[in-house]
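K.L.:
The following file, my_file-v4.cif, comprises mmCIF, C-alpha atoms:
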```
data_structure
loop_
_atom_site.label_atom_id
_atom_site.label_comp_id
_atom_site.auth_asym_id
_atom_site.auth_seq_id
_atom_site.Cartn_x
_atom_site.Cartn_y
_atom_site.Cartn_z
CA MET A 52 56.82 162.29 165.10
CA PRO A 53 57.40 158.63 166.08
CA ARG A 54 53.66 157.98 166.51
CA LYS A 55 52.89 159.33 163.07
CA ILE A 56 55.31 156.88 161.52
CA ILE A 57 53.71 153.84 163.18
CA ILE A 58 50.21 154.84 162.19
CA ALA A 59 51.23 155.23 158.59
CA VAL A 60 52.94 151.82 158.36
CA LEU A 61 50.32 149.55 159.93
CA PRO A 62 47.58 150.02 157.31
CA ALA A 63 50.08 149.21 154.61
CA LEU A 64 51.09 145.94 156.26
CA ALA A 65 47.48 144.94 156.75
CA TRP A 66 46.70 145.41 153.09
CA VAL A 67 49.76 143.59 151.83
CA GLY A 68 49.56 140.74 154.31
CA VAL A 69 45.93 139.61 154.15
CA THR A 70 45.24 139.21 150.48
CA PRO A 71 48.08 136.93 149.41
CA ALA A 72 47.78 134.82 152.56
CA HIS A 73 44.33 133.63 151.58
CA ALA A 74 44.69 133.52 147.83
CA GLY A 75 46.26 130.38 146.47
CA PRO A 76 47.12 129.99 142.80
CA SER A 77 44.63 128.66 140.34
CA PRO A 78 44.48 124.88 140.05
CA MET A 79 47.09 123.52 137.68
CA SER A 80 46.23 120.65 135.37
CA TYR A 81 48.99 118.39 134.18
CA ARG A 82 48.07 116.72 130.90
CA VAL A 83 48.74 113.08 130.13
CA ILE A 84 48.26 111.54 126.70
CA GLY A 85 48.55 108.20 124.92
CA GLN A 86 47.71 106.60 121.62
CA VAL A 87 46.00 103.46 120.40
CA ARG A 88 46.79 102.94 116.76
CA PRO A 89 44.15 101.35 114.54
CA SER A 90 44.69 97.63 114.13
CA CYS A 91 42.87 94.53 112.94
CA SER A 92 43.34 90.89 113.77
CA LEU A 93 41.82 87.82 112.16
CA GLY A 94 43.52 85.13 114.14
CA ALA A 95 45.60 82.34 112.68
CA ASN A 96 42.98 80.49 110.68
CA ALA A 97 43.16 82.42 107.41
CA PRO A 98 43.59 82.00 104.53
CA PHE A 99 41.92 78.66 104.14
CA GLN A 100 41.43 76.04 101.47
CA LEU A 101 38.14 75.04 99.88
CA SER A 102 38.58 71.45 98.69
CA THR A 103 36.56 68.72 97.06
CA THR A 104 37.05 65.60 95.01
CA VAL A 105 35.54 64.97 91.59
CA GLY A 106 34.83 61.39 90.77
CA LYS A 107 35.07 59.47 87.55
CA ASN A 108 31.69 60.70 86.43
CA GLY A 109 33.12 64.25 86.17
CA LYS A 110 30.29 65.74 88.24
CA LEU A 111 30.82 68.38 90.90
CA ASP A 112 28.79 67.79 94.03
CA THR A 113 27.83 71.43 94.58
CA SER A 114 25.36 70.61 97.31
CA GLN A 115 28.24 69.52 99.49
CA LEU A 116 30.36 72.58 98.71
CA GLN A 117 27.51 74.98 99.34
CA GLY A 118 27.18 73.58 102.82
CA VAL A 119 30.76 74.34 103.65
CA THR A 120 31.39 77.37 105.87
CA PHE A 121 34.44 78.75 107.54
CA THR A 122 34.23 80.85 110.69
CA LEU A 123 36.86 83.36 111.69
CA ALA A 124 36.20 83.65 115.40
CA ASN A 125 36.76 86.91 117.25
CA ALA A 126 37.94 88.94 114.32
CA VAL A 127 38.66 92.41 115.62
CA CYS A 128 39.40 95.92 114.42
CA SER A 129 39.94 98.77 116.87
CA ALA A 130 38.82 101.35 114.34
CA PRO A 131 36.51 101.60 111.31
CA SER A 132 37.66 99.13 108.69
CA THR A 133 37.13 97.54 105.33
CA ILE A 134 36.79 93.86 104.54
CA VAL A 135 37.86 92.30 101.27
CA VAL A 136 37.40 88.72 100.09
CA ARG A 137 39.87 87.24 97.63
CA ALA A 138 39.72 83.80 96.03
CA THR A 139 41.24 81.65 93.36
CA SER A 140 39.03 79.42 91.28
CA LEU A 141 38.42 75.82 92.35
CA ARG A 142 40.99 74.03 90.25
CA LEU A 143 42.46 70.57 89.87
CA ASN A 144 45.31 70.29 92.37
CA THR A 145 47.55 68.80 89.73
CA PRO A 146 46.49 70.79 86.72
CA GLN A 147 46.94 69.45 83.24
CA ALA A 148 48.62 71.48 80.54
CA ASN A 149 45.76 70.60 78.21
CA VAL A 150 42.30 69.23 78.69
CA PRO A 151 40.18 67.35 76.13
CA ASN A 152 37.46 69.21 74.35
CA GLY A 153 34.34 69.35 76.41
CA GLN A 154 36.18 68.87 79.66
CA SER A 155 37.52 71.26 82.29
CA GLN A 156 39.66 71.41 85.38
CA THR A 157 38.33 74.72 86.68
CA VAL A 158 35.23 75.85 88.57
CA ASN A 159 34.31 79.44 89.27
CA PHE A 160 32.37 80.22 92.41
CA THR A 161 31.33 82.99 94.75
CA ALA A 162 32.66 83.34 98.29
CA THR A 163 30.72 85.56 100.68
CA ALA A 164 31.79 86.85 104.09
CA THR A 165 29.04 87.83 106.52
CA GLY A 166 29.06 89.18 110.03
CA TRP A 167 31.31 92.14 109.52
CA SER A 168 30.13 94.83 107.12
CA THR A 169 26.51 95.89 106.67
CA THR A 170 26.76 94.80 103.05
CA ALA A 171 28.29 91.35 102.88
CA ALA A 172 31.69 91.18 101.22
CA SER A 173 32.02 88.72 98.38
CA VAL A 174 34.06 87.76 95.38
CA THR A 175 33.34 85.71 92.30
CA THR A 176 36.23 84.06 90.54
CA LEU A 177 36.39 84.84 86.84
CA ASP A 178 38.58 82.26 85.16
CA ALA A 179 37.61 82.05 81.52
CA SER A 180 39.65 79.06 80.41
CA PRO A 181 38.92 75.46 81.38
CA LEU A 182 42.62 75.20 82.14
CA GLY A 183 42.18 77.68 84.95
CA THR A 184 44.70 79.97 86.61
CA LEU A 185 46.14 80.73 90.01
CA THR A 186 44.81 84.29 89.85
CA ALA A 187 43.43 85.56 93.13
CA TYR A 188 40.33 87.56 92.34
CA SER A 189 39.46 90.43 94.63
CA GLY A 190 35.97 91.49 95.62
CA THR A 191 34.68 94.97 96.35
CA PRO A 192 35.88 96.33 99.71
CA ARG A 193 33.02 96.72 102.17
CA ALA A 194 33.07 99.20 105.02
CA GLN A 195 32.49 98.74 108.71
CA ASN A 196 32.15 102.19 110.23
CA SER A 197 32.94 101.32 113.84
CA ALA A 198 35.45 99.36 115.82
CA LYS A 199 34.21 95.79 115.84
CA LEU A 200 34.72 92.43 117.48
CA ALA A 201 32.77 89.66 115.78
CA ASN A 202 32.82 86.29 114.09
CA ILE A 203 33.07 86.31 110.31
CA THR A 204 31.41 83.46 108.46
CA VAL A 205 32.41 82.60 104.91
CA GLY A 206 30.10 80.59 102.67
CA PHE A 207 30.15 79.51 99.01
CA ASN A 208 27.71 79.29 96.11
CA ASN A 209 27.29 79.87 92.39
CA PHE A 210 29.61 77.03 91.39
CA ALA A 211 30.04 77.00 87.64
CA VAL A 212 32.33 74.76 85.64
CA VAL A 213 34.42 76.75 83.17
CA ALA A 214 33.62 75.15 79.85
CA GLY A 215 35.84 75.14 76.81
CA SER A 216 34.87 76.50 73.47
CA ASN A 217 32.97 73.34 72.67
CA GLY A 218 32.43 72.24 76.25
CA SER A 219 28.70 71.87 76.36
CA GLY A 220 29.07 68.89 78.63
CA GLN A 221 31.02 70.76 81.29
CA LYS A 222 32.59 67.56 82.49
CA LEU A 223 35.42 67.91 84.97
CA LEU A 224 38.61 65.93 85.05
CA ASP A 225 38.49 63.63 88.01
CA GLY A 226 40.74 64.30 90.98
CA ALA A 227 41.23 66.59 93.96
CA TYR A 228 40.28 70.25 93.57
CA SER A 229 41.01 73.18 95.81
CA ALA A 230 40.70 76.95 96.01
CA THR A 231 42.35 79.47 98.27
CA VAL A 232 40.12 82.01 99.99
CA THR A 233 41.56 85.01 101.81
CA ILE A 234 39.76 87.46 104.05
CA SER A 235 41.42 90.80 104.68
CA LEU A 236 40.52 93.41 107.29
CA THR A 237 42.15 96.80 106.98
CA PRO A 238 41.72 99.58 109.52
CA SER A 239 40.80 102.97 108.15
CA SER A 240 43.44 105.60 108.63
CA MET B 1432 104.12 167.56 178.68
CA LYS B 1433 102.90 165.42 181.57
CA LYS B 1434 99.96 167.72 182.31
CA LEU B 1435 98.34 167.34 178.96
CA PRO B 1436 97.46 163.62 179.29
CA ILE B 1437 95.89 164.30 182.64
CA ALA B 1438 93.66 166.99 181.17
CA ALA B 1439 92.58 164.66 178.32
CA VAL B 1440 91.59 161.88 180.70
CA GLY B 1441 89.48 164.29 182.62
CA LEU B 1442 87.53 165.32 179.52
CA ALA B 1443 86.93 161.73 178.54
CA ALA B 1444 85.53 160.89 181.95
CA MET B 1445 83.03 163.68 181.70
CA ALA B 1446 81.81 162.54 178.31
CA SER B 1447 81.14 158.93 179.41
CA THR B 1448 78.90 159.72 182.34
CA PRO B 1449 75.57 160.79 180.80
CA ALA B 1450 73.70 159.06 183.63
CA MET B 1451 74.94 161.69 185.78
CA ALA B 1452 73.42 164.29 183.45
CA ALA B 1453 69.81 165.51 183.54
CA ALA B 1454 67.05 162.95 182.43
CA GLY B 1455 66.40 162.98 178.64
CA THR B 1456 64.07 161.13 176.17
CA SER B 1457 64.68 158.00 174.11
CA GLN B 1458 62.93 156.44 171.16
CA THR B 1459 63.15 152.95 169.69
CA TYR B 1460 62.67 152.87 165.98
CA THR B 1461 61.17 149.58 164.63
CA PHE B 1462 61.96 148.28 161.18
CA ASN B 1463 59.41 145.74 159.95
CA GLY B 1464 59.68 143.39 157.02
CA HIS B 1465 57.15 141.05 155.45
CA VAL B 1466 57.19 137.92 153.32
CA ASP B 1467 53.87 137.33 151.65
CA ALA B 1468 52.32 133.92 151.84
CA LEU B 1469 52.83 132.67 148.34
CA CYS B 1470 52.36 129.59 146.26
CA SER B 1471 53.52 129.26 142.72
CA ILE B 1472 52.83 126.46 140.28
CA SER B 1473 53.85 126.56 136.67
CA GLY B 1474 52.80 123.25 135.11
CA ALA B 1475 54.74 120.94 132.84
CA ALA B 1476 54.71 119.62 129.31
CA ALA B 1477 52.17 116.92 128.53
CA VAL B 1478 53.31 113.49 129.63
CA ASP B 1479 53.05 111.06 126.73
CA PHE B 1480 52.45 107.41 127.55
CA GLY B 1481 53.02 106.59 123.88
CA ALA B 1482 51.43 103.49 122.39
CA LEU B 1483 48.92 101.89 124.72
CA THR B 1484 48.57 98.69 122.69
CA ASP B 1485 50.88 96.22 121.02
CA GLY B 1486 50.84 95.27 117.36
CA SER B 1487 47.89 92.96 117.91
CA GLY B 1488 45.80 95.61 119.57
CA ASN B 1489 46.24 94.14 123.03
CA TYR B 1490 46.71 96.55 125.91
CA ALA B 1491 50.33 97.15 126.84
CA ASN B 1492 50.56 98.98 130.16
CA PRO B 1493 53.23 101.66 129.74
CA GLY B 1494 53.72 101.98 133.51
CA ALA B 1495 53.79 105.12 135.63
CA LYS B 1496 55.10 108.38 134.24
CA THR B 1497 55.84 111.67 135.96
CA ALA B 1498 55.52 115.37 135.26
CA THR B 1499 58.09 117.49 137.08
CA ASP B 1500 57.18 121.04 137.99
CA THR B 1501 60.45 122.53 139.18
CA GLY B 1502 58.92 125.98 139.49
CA ALA B 1503 56.25 124.97 141.96
CA ASN B 1504 56.74 126.17 145.51
CA CYS B 1505 54.92 127.36 148.62
CA ASN B 1506 56.47 129.19 151.55
CA GLN B 1507 54.06 128.44 154.38
CA ALA B 1508 54.35 125.50 156.71
CA GLY B 1509 50.66 124.75 156.72
CA THR B 1510 50.25 124.62 152.95
CA THR B 1511 47.69 122.11 151.78
CA ALA B 1512 47.25 120.49 148.39
CA THR B 1513 44.38 118.73 146.70
CA ILE B 1514 44.92 116.32 143.81
CA LYS B 1515 42.23 115.17 141.39
CA HIS B 1516 42.48 113.29 138.13
CA THR B 1517 40.56 111.99 135.17
CA ASP B 1518 41.12 108.74 133.32
CA LEU B 1519 42.76 108.53 129.92
CA THR B 1520 39.93 108.75 127.40
CA THR B 1521 39.25 109.26 123.73
CA SER B 1522 36.13 110.69 122.16
CA ASN B 1523 36.00 107.83 119.67
CA PRO B 1524 32.97 105.70 120.50
CA ALA B 1525 33.45 102.33 122.12
CA THR B 1526 31.27 99.73 120.48
CA THR B 1527 30.46 96.31 121.91
CA GLY B 1528 33.61 94.58 123.05
CA PHE B 1529 35.63 97.79 123.32
CA THR B 1530 36.30 100.56 125.78
CA ASN B 1531 37.63 104.08 125.32
CA ILE B 1532 38.84 104.46 128.91
CA VAL B 1533 42.16 103.63 130.50
CA PRO B 1534 41.81 104.05 134.27
CA LEU B 1535 44.43 106.22 135.93
CA SER B 1536 45.62 106.76 139.45
CA ALA B 1537 47.58 109.85 140.46
CA SER B 1538 49.78 111.18 143.20
CA LEU B 1539 51.99 114.17 143.92
CA SER B 1540 55.18 114.53 145.88
CA THR B 1541 57.33 117.48 146.87
CA ASP B 1542 61.08 117.71 146.72
CA GLN B 1543 60.93 117.67 150.51
CA GLY B 1544 59.42 114.21 150.50
CA VAL B 1545 55.77 114.77 151.22
CA THR B 1546 53.42 112.62 149.11
CA ILE B 1547 49.69 112.72 148.59
CA ALA B 1548 47.94 110.04 146.53
CA ASP B 1549 44.48 110.53 145.12
CA THR B 1550 42.55 107.65 146.63
CA THR B 1551 39.34 108.42 144.76
CA ASN B 1552 38.40 107.11 141.35
CA ALA B 1553 37.66 109.04 138.21
CA SER B 1554 34.92 107.99 135.84
CA GLY B 1555 36.27 108.47 132.35
CA SER B 1556 36.57 112.18 131.68
CA THR B 1557 34.71 113.01 134.91
CA ALA B 1558 37.33 113.87 137.49
CA SER B 1559 37.75 112.07 140.76
CA THR B 1560 36.51 113.68 143.96
CA GLY B 1561 40.10 114.25 144.91
CA THR B 1562 42.28 113.84 147.96
CA GLY B 1563 43.81 116.61 150.04
CA GLY B 1564 46.45 116.93 152.70
CA THR B 1565 49.18 119.13 154.14
CA ILE B 1566 52.35 119.30 152.12
CA LYS B 1567 54.08 122.05 154.14
CA ALA B 1568 56.40 124.56 152.57
CA PHE B 1569 58.12 123.08 149.57
CA THR B 1570 60.06 123.66 146.41
CA GLY B 1571 59.52 121.44 143.41
CA LEU B 1572 56.56 119.20 142.68
CA THR B 1573 56.36 115.86 140.91
CA VAL B 1574 53.04 114.55 139.65
CA THR B 1575 52.77 110.85 138.91
CA ALA B 1576 50.10 109.20 136.76
CA THR B 1577 49.78 105.42 136.70
CA PRO B 1578 47.61 103.62 134.13
CA GLY B 1579 45.49 100.71 135.25
CA THR B 1580 43.92 97.94 133.18
CA PRO B 1581 41.06 98.72 130.79
CA THR B 1582 37.89 96.67 131.11
CA ALA B 1583 37.94 95.67 127.43
CA ARG B 1584 39.94 96.05 124.26
CA LEU B 1585 40.81 99.67 123.54
CA VAL B 1586 39.25 101.47 120.62
CA ALA B 1587 41.79 103.27 118.45
CA GLY B 1588 42.36 106.96 119.01
CA SER B 1589 44.30 109.66 120.80
CA TYR B 1590 43.79 109.43 124.53
CA SER B 1591 44.20 112.21 127.07
CA GLY B 1592 43.62 112.87 130.72
CA THR B 1593 44.55 115.35 133.41
CA VAL B 1594 45.93 115.48 136.92
CA THR B 1595 44.88 118.68 138.66
CA VAL B 1596 46.69 120.05 141.70
CA THR B 1597 45.39 122.91 143.83
CA LEU B 1598 47.68 124.50 146.41
CA THR B 1599 46.40 126.53 149.34
CA PRO B 1600 48.97 128.46 151.39
CA SER B 1601 48.39 128.48 155.13
CA ALA B 1602 50.52 129.42 158.11
#
```
Before we go any further, please render this structure as structure tokens.
P.N.:
Amino acid sequence: MPRKIIIAVLPALAWVGVTPAHAGPSPMSYRVIGQVRPSCSLGANAPFQLSTTVGKNGKLDTSQLQGVTFTLANAVCSAPSTIVVRATSLRLNTPQANVPNGQSQTVNFTATATGWSTTAASVTTLDASPLGTLTAYSGTPRAQNSAKLANITVGFNNFAVVAGSNGSGQKLLDGAYSATVTISLTPSS
Amino acid sequence: MKKLPIAAVGLAAMASTPAMAAAGTSQTYTFNGHVDALCSISGAAAVDFGALTDGSGNYANPGAKTATDTGANCNQAGTTATIKHTDLTTSNPATTGFTNIVPLSASLSTDQGVTIADTTNASGSTASTGTGGTIKAFTGLTVTATPGTPTARLVAGSYSGTVTVTLTPSA
């Protein structure tokens, strides 16, 4: 009887003992996560002023203005984004409440930002009165479909004096003129 | 009355002298027990590093964070562990000037004070080769992940990575 008991127990121990001893658990993966929220940065050099001086002859030296460019170095968006250009008209810094017939204190123009979106972003100011306004006109938003780090260059053209109802001469009041140009980058959600 | 105790003593003496009786048989009965070699590991909730950049999009190292697996244990003194890890990555593409990888390093430690650090490097979502060692019998496991410095500005997105621990029980 004792021998029969021992023979019966040993196979059971062998079966129970071998398999778990060599079988570890499956690998366990611990997950770690983090977030980078979309953001854009233009640096500290925006908005900026477009300025010129009109002399006594009332003529705007557009050749000089068209050569002006502003560069926003190392503009960056960490996600797809849109760029928008906004601008006020080029207007006499100390505007007059009235201007003589045939004269003006306002110049419309186009500002164009290149280097960011495939289609350049631009805006054309649309003041209709020779008195001008402080309205900031907004251009069409242009898309950049990837995160981007680049320089944005802003140039100017299409200067056009806003003439009065009988302002065929399009003569400007003399003095200092300026416009405010703003570039906006907005990350897509 | 005095004779009775004498008779009782005589009976007791006879009962306590079996050696004097004829040779018999004996048997030792053995009772065995068994504790299986066993490792258990149950995992932990995802460890969230939170925001990896500041308001300007610059990298802000959140520092090391830990995942505690209180249910992990092994009962054999020769137990070994291997630790591998990936980096923190996002599937959002990294264009020029950006990266979508935050390098990680990883280590594990037991409640009994044994530590193994993965000394190999991951390559983005491709896991490191891994580092192994003996961690003995233990109860409780802490996994630590430490972010390094990205090579460029981080592209926006949700980042994730893993630290993988494999336990092998051994006597």
K.L.:
Hey, what's within 10 Å of Thr113 (chain A) if we count all atoms listed in the file and toss same-chain stuff fewer than 2 positions away? As a list in words, please?
P.N.:
Thr103, Lys110, Leu111, Gln115, Leu116, Gln117, Gly118, Val119, Phe207, Asn208, Asn209, Phe210 and Ala211 of chain A
K.L.:
Evaluate the PyMOL selection byres ((chain B) within 8 of (chain A)) and record the selected residues as a PyMOL selection string, following the chain and residue labels used in the document.
P.N.:
chain B and resi 1458+1460+1465+1467-1484+1486-1488+1498+1519+1524-1529+1574+1576+1584-1601
K.L.:
Rounded to one decimal in Å, what is the spacing between CA of Thr1565 (chain B) and CA of Asp1549 (chain B)?
P.N.:
13.3 Å
K.L.:
Translate the PyMOL selection byres ((chain B and resi 1552-1561) around 6) into a concrete residue list for this structure, as a ChimeraX atom specification.
P.N.:
/B:1514-1518,1532,1549,1551,1562
K.L.:
Expand the PyMOL selection byres ((chain A and resi 184) around 8) into the explicit residue set it covers here, and present it as a PyMOL selection string.
P.N.:
chain A and resi 139-140+142+178+182-183+185-186
K.L.:
Mind pulling up the distance from CA of Pro181 (chain A) to CA of Ala148 (chain A)?
P.N.:
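It comes out at 10.5 Å.
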K.L.:
Go through A:Ala138, A:Ala124, A:Val158, A:Ala187 one by one, measure the shortest atom-to-atom distance of each to Gln221 (chain A) using all atoms listed in the file, and give the residue with the smallest value.
P.N.:
A:Val158
K.L.:
Have a look at CA of Leu101 (chain A) and CA of Gly206 (chain A) and let me know their distance in Å, one decimal.
P.N.:
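A separation of 10.2 Å between them.
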K.L.:
From the set A:Ser173, A:Thr104, A:Thr157, A:Ser168, which residue has the shortest atom-to-atom contact distance to Thr133 (chain A), counting all atoms listed in the file?
P.N.:
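Checking each candidate against Thr133 (chain A), we get A:Ser168 as the closest.
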K.L.:
So which one's closest to Lys1567 (chain B), B:Gly1502, B:Gly1544, B:Gly1455, B:Pro1493? Using only C-alpha atoms, please.
P.N.:
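The shortest atom-to-atom distance to Lys1567 (chain B) comes from B:Gly1544.
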K.L.:
Step by step, gather every atom of region 1474-1479 of chain B that the file lists, find the box along x, y and z that holds them, add 3 Å on each side, and finally give centre and edge lengths in Å to one decimal, as AutoDock Vina command-line options.
P.N.:
```
--center_x 53.5 --center_y 117.2 --center_z 130.9 --size_x 8.6 --size_y 18.2 --size_z 14.4
```
K.L.:
My structure is short of atoms at region 1505-1526 of chain B; please model N, CA and C atoms there, returning them as a compact mmCIF listing (two decimals), in the frame of the given file.
P.N.:
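Dumped everything to selection.txt:
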```txt
# COMPACT_ATOMS: atom_id res chain seq x y z
N CYS B 1505 55.74 126.64 147.65
CA CYS B 1505 54.92 127.36 148.62
C CYS B 1505 55.81 127.64 149.82
N ASN B 1506 55.56 128.80 150.48
CA ASN B 1506 56.47 129.19 151.55
C ASN B 1506 55.82 129.17 152.94
N GLN B 1507 54.68 128.50 153.07
CA GLN B 1507 54.06 128.44 154.38
C GLN B 1507 53.97 127.00 154.87
N ALA B 1508 54.23 126.84 156.14
CA ALA B 1508 54.35 125.50 156.71
C ALA B 1508 53.04 124.73 156.71
N GLY B 1509 51.94 125.44 156.68
CA GLY B 1509 50.66 124.75 156.72
C GLY B 1509 50.03 124.56 155.36
N THR B 1510 50.80 124.72 154.31
CA THR B 1510 50.25 124.62 152.95
C THR B 1510 49.57 123.28 152.71
N THR B 1511 48.40 123.34 152.12
CA THR B 1511 47.69 122.11 151.78
C THR B 1511 47.59 121.99 150.26
N ALA B 1512 47.40 120.76 149.83
CA ALA B 1512 47.25 120.49 148.39
C ALA B 1512 46.10 119.52 148.20
N THR B 1513 45.41 119.69 147.10
CA THR B 1513 44.38 118.73 146.70
C THR B 1513 44.73 118.22 145.31
N ILE B 1514 44.62 116.91 145.12
CA ILE B 1514 44.92 116.32 143.81
C ILE B 1514 43.70 115.57 143.31
N LYS B 1515 43.33 115.86 142.07
CA LYS B 1515 42.23 115.17 141.39
C LYS B 1515 42.77 114.67 140.06
N HIS B 1516 42.04 113.76 139.45
CA HIS B 1516 42.48 113.29 138.13
C HIS B 1516 41.31 112.76 137.33
N THR B 1517 41.50 112.70 136.04
CA THR B 1517 40.56 111.99 135.17
C THR B 1517 41.26 110.72 134.69
N ASP B 1518 40.51 109.89 133.99
CA ASP B 1518 41.12 108.74 133.32
C ASP B 1518 41.65 109.18 131.96
N LEU B 1519 42.36 108.30 131.31
CA LEU B 1519 42.76 108.53 129.92
C LEU B 1519 41.57 108.13 129.04
N THR B 1520 41.10 109.04 128.23
CA THR B 1520 39.93 108.75 127.40
C THR B 1520 40.12 109.27 125.99
N THR B 1521 39.35 108.72 125.08
CA THR B 1521 39.25 109.26 123.73
C THR B 1521 37.79 109.47 123.42
N SER B 1522 37.52 110.41 122.54
CA SER B 1522 36.13 110.69 122.16
C SER B 1522 35.62 109.68 121.15
N ASN B 1523 36.47 108.85 120.61
CA ASN B 1523 36.00 107.83 119.67
C ASN B 1523 35.08 106.84 120.39
N PRO B 1524 33.95 106.54 119.79
CA PRO B 1524 32.97 105.70 120.50
C PRO B 1524 33.47 104.27 120.69
N ALA B 1525 33.10 103.71 121.82
CA ALA B 1525 33.45 102.33 122.12
C ALA B 1525 32.24 101.44 121.83
N THR B 1526 32.36 100.65 120.82
CA THR B 1526 31.27 99.73 120.48
C THR B 1526 31.42 98.45 121.32
```
